[in-house]
Amino acid sequence: MGSYLNPGSKGFQESLNSEIYMDKTGLIEKTNAVLNTRQKFLCVSRPRRFGKSMAADMLAAYYDRGEDSSSLFASLKISGAASYHAHLNQYDVIKVNMQEFLSMTHDMDDMLAMLQKYLVFDLVEHFGDIRFRDENNLIQVMKDIYAKTKRSFVILIDEWDCLFREYQQDQNAQKKYLDFLRAWLKDKDYVALAYMTGILPIKKYGSHSALNMFTEYSMTDPGDMAEYFGFTEQEVSDLCKKYQMSFDEAKQWYDGYDLIAHHQSGDRYYSMYSPKSVVEAMLRHKFGTYWNQTETYEALKIYIQMDMDGLQDSVVRMLAGESVSINIGTFSNDMTTFATKDDILTLLVHLGYLTYDSIRETAAIPNKEVSQEYVNAISTMNWHGVADSVESSRKLLEALWAMDADTVASGIDKAHEEMSILQYNDENSLSCTVNLAFYFAREYYTMIRELPSGKGFADICMIPRKTHLDKPAVVIELKWDKSAAGALNQIKEKNYGSALKDYQGNLLLVGINYDRVTKKHECVIEVAQKQL
């Protein structure tokens, strides 16, 4: 067993020993299926702390021929797969974390020299009976080993993209790195499987397509790898039962990464949760922001304050709970090349700050935890109006509960004035302003826009969460340059309140109108009369 060749199962054993372990060994069946095929090159990109390194440890433990790891997998899902015994402990495994080598060196030449030197050391030591043509050449050493043994390698590369994140401007270093990976891996008989993980996809770095042999599984196109990185909704539900935590709150805090896998039998929808956050919440028995411990809001701030036409408007709309259209096709898969706001938003999808709906081609802020990162970032920027609106939303919600229509109207006026970066020209803009003005309401409510009800759609519906059933449900109808009374009458005439007929608490009906002449909002509030 070496440091990089056949590293053993210790990493995976630590995962199994942990208080919370989620069985993701179904991934092994997917990698078994492509061993020694033209599809043997896989790259999985996910945000930080989504289980990428744990999966690499698992694959190393399973394939490593240096030890018998059958006892580790005997009770796990993969043990029931037809391919399980055929590939268990049957390969020499090379496992490297590129961040380790990047951290130990000062430039790309030194990094690649060290990487090759250390890998050759392990290989020559292990295969000491083989005569090598050139012991200083990694590729030739591996060719000689394969020629003698006819055994191909499983190559696992973690943090493959760290160079593109830390050497963002150095295109020469990036090209050297890509050329090395291509020369090492492409068209080599000694490769049984090349499996890479990182945050960024690899498809397009400028015009250089050195790694076009890889099949990618990303946040925008997860393929059939969707369920193996992050926790599924069922897994989180089971954990909540075990630790006696509210699943409704867990969903509010950490849900929202909606991944779609396209299959011949039809699309499969996965609602994925950040495992780091869920595990911390369960073990601490407290919901909170844990994912951001891996990176501060400063990273988000860098991107959302860039001078791109329409970017601020999109961020404000998403903070208000909207989804925005996004074209992911122009993204260059790096952290510096941005032609439009869509390129920035696509990067934020891959970093985990947004979720992407591949059917509707829209992006949105996934959950409360990530939304708080936006609030933190904006509070330190010159978007004072947005930050002030979020801060004032607590008082606005209290005014709504008190049925103080004048205070609600003036509060929305203030939010409108403060959010000058938002184009205000139709009912959709009014809806965005109202949603952001009531930002704090998400602590107590599930906010639903365009809820089917009665003879149409209620503009905004606020449904109390299970832990806050003492609060009134709210139906809001919006009007643009008409009247608040007319909005309230529409709620009654079209029976929008019927959507909440099973709710046992109070129901508030709210009509809000914006007058283009006075540039003021008006509001009327009534308690719905329940029919006996």
# chains A, B, ... in the order shown; residues from 1 in each chain; ligands from 1
$ select_by_dssp --residues "stretch 9-248 of chain A" --states "strand (DSSP E)" --output "PyMOL selection string"
chain A and resi 41-45+92-97+153-158+191-198+215-217
$ residues_around --residues "stretch 323-332 of chain A" --least-positions-apart "2" --cutoff "9 Å" --atoms "only C-alpha atoms" --output "PDB file with N, CA, C and O atoms, in the first residue's frame"
ATOM      1  N   LYS A 203     -15.936  21.079 -19.740  1.00  0.00           N
ATOM      2  CA  LYS A 203     -16.182  21.002 -21.186  1.00  0.00           C
ATOM      3  C   LYS A 203     -15.462  22.075 -21.990  1.00  0.00           C
ATOM      4  O   LYS A 203     -14.915  21.805 -23.053  1.00  0.00           O
ATOM      5  N   LYS A 204     -15.469  23.319 -21.483  1.00  0.00           N
ATOM      6  CA  LYS A 204     -14.972  24.419 -22.306  1.00  0.00           C
ATOM      7  C   LYS A 204     -14.083  25.343 -21.506  1.00  0.00           C
ATOM      8  O   LYS A 204     -14.562  26.142 -20.715  1.00  0.00           O
ATOM      9  N   TYR A 205     -12.780  25.243 -21.706  1.00  0.00           N
ATOM     10  CA  TYR A 205     -11.869  26.250 -21.192  1.00  0.00           C
ATOM     11  C   TYR A 205     -11.272  26.938 -22.406  1.00  0.00           C
ATOM     12  O   TYR A 205     -10.328  26.470 -23.010  1.00  0.00           O
ATOM     13  N   GLY A 206     -11.910  28.057 -22.771  1.00  0.00           N
ATOM     14  CA  GLY A 206     -11.540  28.729 -24.009  1.00  0.00           C
ATOM     15  C   GLY A 206     -11.807  27.814 -25.182  1.00  0.00           C
ATOM     16  O   GLY A 206     -12.828  27.146 -25.260  1.00  0.00           O
ATOM     17  N   THR A 220     -26.024  21.396 -13.654  1.00  0.00           N
ATOM     18  CA  THR A 220     -26.976  21.746 -14.704  1.00  0.00           C
ATOM     19  C   THR A 220     -27.417  20.525 -15.505  1.00  0.00           C
ATOM     20  O   THR A 220     -28.454  20.554 -16.158  1.00  0.00           O
ATOM     21  N   SER A 314     -31.901  40.711 -11.604  1.00  0.00           N
ATOM     22  CA  SER A 314     -32.115  39.262 -11.463  1.00  0.00           C
ATOM     23  C   SER A 314     -31.900  38.802 -10.033  1.00  0.00           C
ATOM     24  O   SER A 314     -32.672  37.990  -9.505  1.00  0.00           O
ATOM     25  N   VAL A 315     -30.853  39.319  -9.381  1.00  0.00           N
ATOM     26  CA  VAL A 315     -30.567  38.921  -8.001  1.00  0.00           C
ATOM     27  C   VAL A 315     -31.691  39.359  -7.069  1.00  0.00           C
ATOM     28  O   VAL A 315     -32.143  38.597  -6.210  1.00  0.00           O
ATOM     29  N   ARG A 317     -34.837  39.921  -7.850  1.00  0.00           N
ATOM     30  CA  ARG A 317     -36.027  39.095  -8.121  1.00  0.00           C
ATOM     31  C   ARG A 317     -35.897  37.710  -7.481  1.00  0.00           C
ATOM     32  O   ARG A 317     -36.865  37.170  -6.942  1.00  0.00           O
ATOM     33  N   MET A 318     -34.716  37.137  -7.533  1.00  0.00           N
ATOM     34  CA  MET A 318     -34.525  35.822  -6.913  1.00  0.00           C
ATOM     35  C   MET A 318     -34.583  35.914  -5.398  1.00  0.00           C
ATOM     36  O   MET A 318     -35.112  35.018  -4.739  1.00  0.00           O
ATOM     37  N   GLY A 321     -37.904  35.612  -4.189  1.00  0.00           N
ATOM     38  CA  GLY A 321     -38.523  34.298  -4.359  1.00  0.00           C
ATOM     39  C   GLY A 321     -38.837  33.930  -5.784  1.00  0.00           C
ATOM     40  O   GLY A 321     -39.414  32.859  -6.040  1.00  0.00           O
ATOM     41  N   ASP A 334     -15.213  28.738 -16.503  1.00  0.00           N
ATOM     42  CA  ASP A 334     -14.127  29.241 -15.683  1.00  0.00           C
ATOM     43  C   ASP A 334     -14.690  30.340 -14.777  1.00  0.00           C
ATOM     44  O   ASP A 334     -15.899  30.567 -14.754  1.00  0.00           O
ATOM     45  N   MET A 335     -13.827  30.990 -14.038  1.00  0.00           N
ATOM     46  CA  MET A 335     -14.298  31.953 -13.041  1.00  0.00           C
ATOM     47  C   MET A 335     -13.936  33.386 -13.408  1.00  0.00           C
ATOM     48  O   MET A 335     -13.995  34.282 -12.567  1.00  0.00           O
ATOM     49  N   THR A 336     -13.586  33.600 -14.681  1.00  0.00           N
ATOM     50  CA  THR A 336     -13.173  34.944 -15.100  1.00  0.00           C
ATOM     51  C   THR A 336     -13.806  35.409 -16.399  1.00  0.00           C
ATOM     52  O   THR A 336     -13.880  36.608 -16.650  1.00  0.00           O
ATOM     53  N   THR A 337     -14.253  34.488 -17.239  1.00  0.00           N
ATOM     54  CA  THR A 337     -14.753  34.854 -18.565  1.00  0.00           C
ATOM     55  C   THR A 337     -16.265  35.011 -18.517  1.00  0.00           C
ATOM     56  O   THR A 337     -16.997  34.022 -18.560  1.00  0.00           O
ATOM     57  N   PHE A 338     -16.737  36.251 -18.428  1.00  0.00           N
ATOM     58  CA  PHE A 338     -18.167  36.517 -18.329  1.00  0.00           C
ATOM     59  C   PHE A 338     -18.578  37.500 -19.419  1.00  0.00           C
ATOM     60  O   PHE A 338     -18.175  38.665 -19.398  1.00  0.00           O
ATOM     61  N   ALA A 339     -19.392  37.031 -20.353  1.00  0.00           N
ATOM     62  CA  ALA A 339     -19.874  37.902 -21.422  1.00  0.00           C
ATOM     63  C   ALA A 339     -21.201  38.543 -21.052  1.00  0.00           C
ATOM     64  O   ALA A 339     -21.482  39.674 -21.447  1.00  0.00           O
ATOM     65  N   THR A 340     -22.023  37.833 -20.295  1.00  0.00           N
ATOM     66  CA  THR A 340     -23.346  38.328 -19.904  1.00  0.00           C
ATOM     67  C   THR A 340     -23.627  37.945 -18.462  1.00  0.00           C
ATOM     68  O   THR A 340     -22.890  37.163 -17.847  1.00  0.00           O
ATOM     69  N   LYS A 341     -24.735  38.466 -17.931  1.00  0.00           N
ATOM     70  CA  LYS A 341     -25.150  38.102 -16.574  1.00  0.00           C
ATOM     71  C   LYS A 341     -25.428  36.611 -16.469  1.00  0.00           C
ATOM     72  O   LYS A 341     -25.241  36.012 -15.398  1.00  0.00           O
ATOM     73  N   ASP A 342     -25.861  35.991 -17.563  1.00  0.00           N
ATOM     74  CA  ASP A 342     -26.162  34.556 -17.529  1.00  0.00           C
ATOM     75  C   ASP A 342     -24.920  33.732 -17.209  1.00  0.00           C
ATOM     76  O   ASP A 342     -25.014  32.681 -16.562  1.00  0.00           O
ATOM     77  N   ASP A 343     -23.747  34.179 -17.665  1.00  0.00           N
ATOM     78  CA  ASP A 343     -22.512  33.455 -17.352  1.00  0.00           C
ATOM     79  C   ASP A 343     -22.229  33.494 -15.854  1.00  0.00           C
ATOM     80  O   ASP A 343     -21.807  32.496 -15.258  1.00  0.00           O
ATOM     81  N   ILE A 344     -22.472  34.646 -15.227  1.00  0.00           N
ATOM     82  CA  ILE A 344     -22.275  34.768 -13.781  1.00  0.00           C
ATOM     83  C   ILE A 344     -23.278  33.899 -13.032  1.00  0.00           C
ATOM     84  O   ILE A 344     -22.930  33.181 -12.089  1.00  0.00           O
ATOM     85  N   LEU A 345     -24.535  33.950 -13.455  1.00  0.00           N
ATOM     86  CA  LEU A 345     -25.563  33.145 -12.792  1.00  0.00           C
ATOM     87  C   LEU A 345     -25.286  31.655 -12.955  1.00  0.00           C
ATOM     88  O   LEU A 345     -25.525  30.861 -12.034  1.00  0.00           O
ATOM     89  N   THR A 346     -24.755  31.253 -14.115  1.00  0.00           N
ATOM     90  CA  THR A 346     -24.419  29.837 -14.328  1.00  0.00           C
ATOM     91  C   THR A 346     -23.293  29.414 -13.394  1.00  0.00           C
ATOM     92  O   THR A 346     -23.321  28.313 -12.825  1.00  0.00           O
ATOM     93  N   LEU A 347     -22.292  30.279 -13.226  1.00  0.00           N
ATOM     94  CA  LEU A 347     -21.225  29.976 -12.268  1.00  0.00           C
ATOM     95  C   LEU A 347     -21.804  29.802 -10.868  1.00  0.00           C
ATOM     96  O   LEU A 347     -21.429  28.875 -10.141  1.00  0.00           O
ATOM     97  N   TYR A 356     -30.772  25.187 -10.628  1.00  0.00           N
ATOM     98  CA  TYR A 356     -31.134  25.336 -12.037  1.00  0.00           C
ATOM     99  C   TYR A 356     -32.220  24.341 -12.420  1.00  0.00           C
ATOM    100  O   TYR A 356     -32.121  23.147 -12.105  1.00  0.00           O
ATOM    101  N   ARG A 360     -37.419  24.295 -17.422  1.00  0.00           N
ATOM    102  CA  ARG A 360     -37.856  25.682 -17.632  1.00  0.00           C
ATOM    103  C   ARG A 360     -36.699  26.615 -17.985  1.00  0.00           C
ATOM    104  O   ARG A 360     -36.909  27.750 -18.376  1.00  0.00           O
ATOM    105  N   GLU A 361     -35.467  26.124 -17.814  1.00  0.00           N
ATOM    106  CA  GLU A 361     -34.262  26.929 -18.063  1.00  0.00           C
ATOM    107  C   GLU A 361     -34.269  28.199 -17.204  1.00  0.00           C
ATOM    108  O   GLU A 361     -34.093  29.314 -17.685  1.00  0.00           O
ATOM    109  N   THR A 362     -34.482  27.997 -15.911  1.00  0.00           N
ATOM    110  CA  THR A 362     -34.515  29.096 -14.954  1.00  0.00           C
ATOM    111  C   THR A 362     -33.593  28.799 -13.768  1.00  0.00           C
ATOM    112  O   THR A 362     -33.282  27.636 -13.481  1.00  0.00           O
ATOM    113  N   ALA A 363     -33.195  29.873 -13.082  1.00  0.00           N
ATOM    114  CA  ALA A 363     -32.376  29.746 -11.878  1.00  0.00           C
ATOM    115  C   ALA A 363     -33.113  30.399 -10.716  1.00  0.00           C
ATOM    116  O   ALA A 363     -33.919  31.313 -10.900  1.00  0.00           O
ATOM    117  N   ALA A 364     -32.825  29.929  -9.505  1.00  0.00           N
ATOM    118  CA  ALA A 364     -33.459  30.464  -8.297  1.00  0.00           C
ATOM    119  C   ALA A 364     -32.544  30.228  -7.111  1.00  0.00           C
ATOM    120  O   ALA A 364     -31.647  29.378  -7.155  1.00  0.00           O
ATOM    121  N   ILE A 365     -32.757  30.994  -6.044  1.00  0.00           N
ATOM    122  CA  ILE A 365     -32.034  30.760  -4.795  1.00  0.00           C
ATOM    123  C   ILE A 365     -32.667  29.540  -4.127  1.00  0.00           C
ATOM    124  O   ILE A 365     -33.880  29.494  -3.943  1.00  0.00           O
TER     125      ILE A 365
END
$ residues_around --residues "A:Arg442" --least-positions-apart "3" --cutoff "10 Å" --atoms "only C-alpha atoms" --output "PyMOL selection string"
chain A and resi 252+321+368+435+438-439+445-447+462-465
$ atom_distance --atom1 "atom CA of A:Lys492" --atom2 "atom CA of A:Val510"
10.6 Å
$ atom_distance --atom1 "atom CA of A:Ala415" --atom2 "atom CA of A:Val434"
8.1 Å
$ closest_residue --among "A:His350, A:Lys251, A:Lys148, A:His126" --to "A:Ile202" --atoms "only C-alpha atoms"
A:His350
$ closest_atom_pairs --of "stretch 213-311 of chain A" --to "stretch 383-406 of chain A" --cutoff "12 Å" --atoms "only C-alpha atoms" --output "Markdown table"
| residue | atom | partner | partner_atom | distance |
| --- | --- | --- | --- | --- |
| A:Lys301 | CA | A:Trp383 | CA | 11.3 |
| A:Ile304 | CA | A:Trp383 | CA | 10.7 |
| A:Gln305 | CA | A:Trp383 | CA | 9.1 |
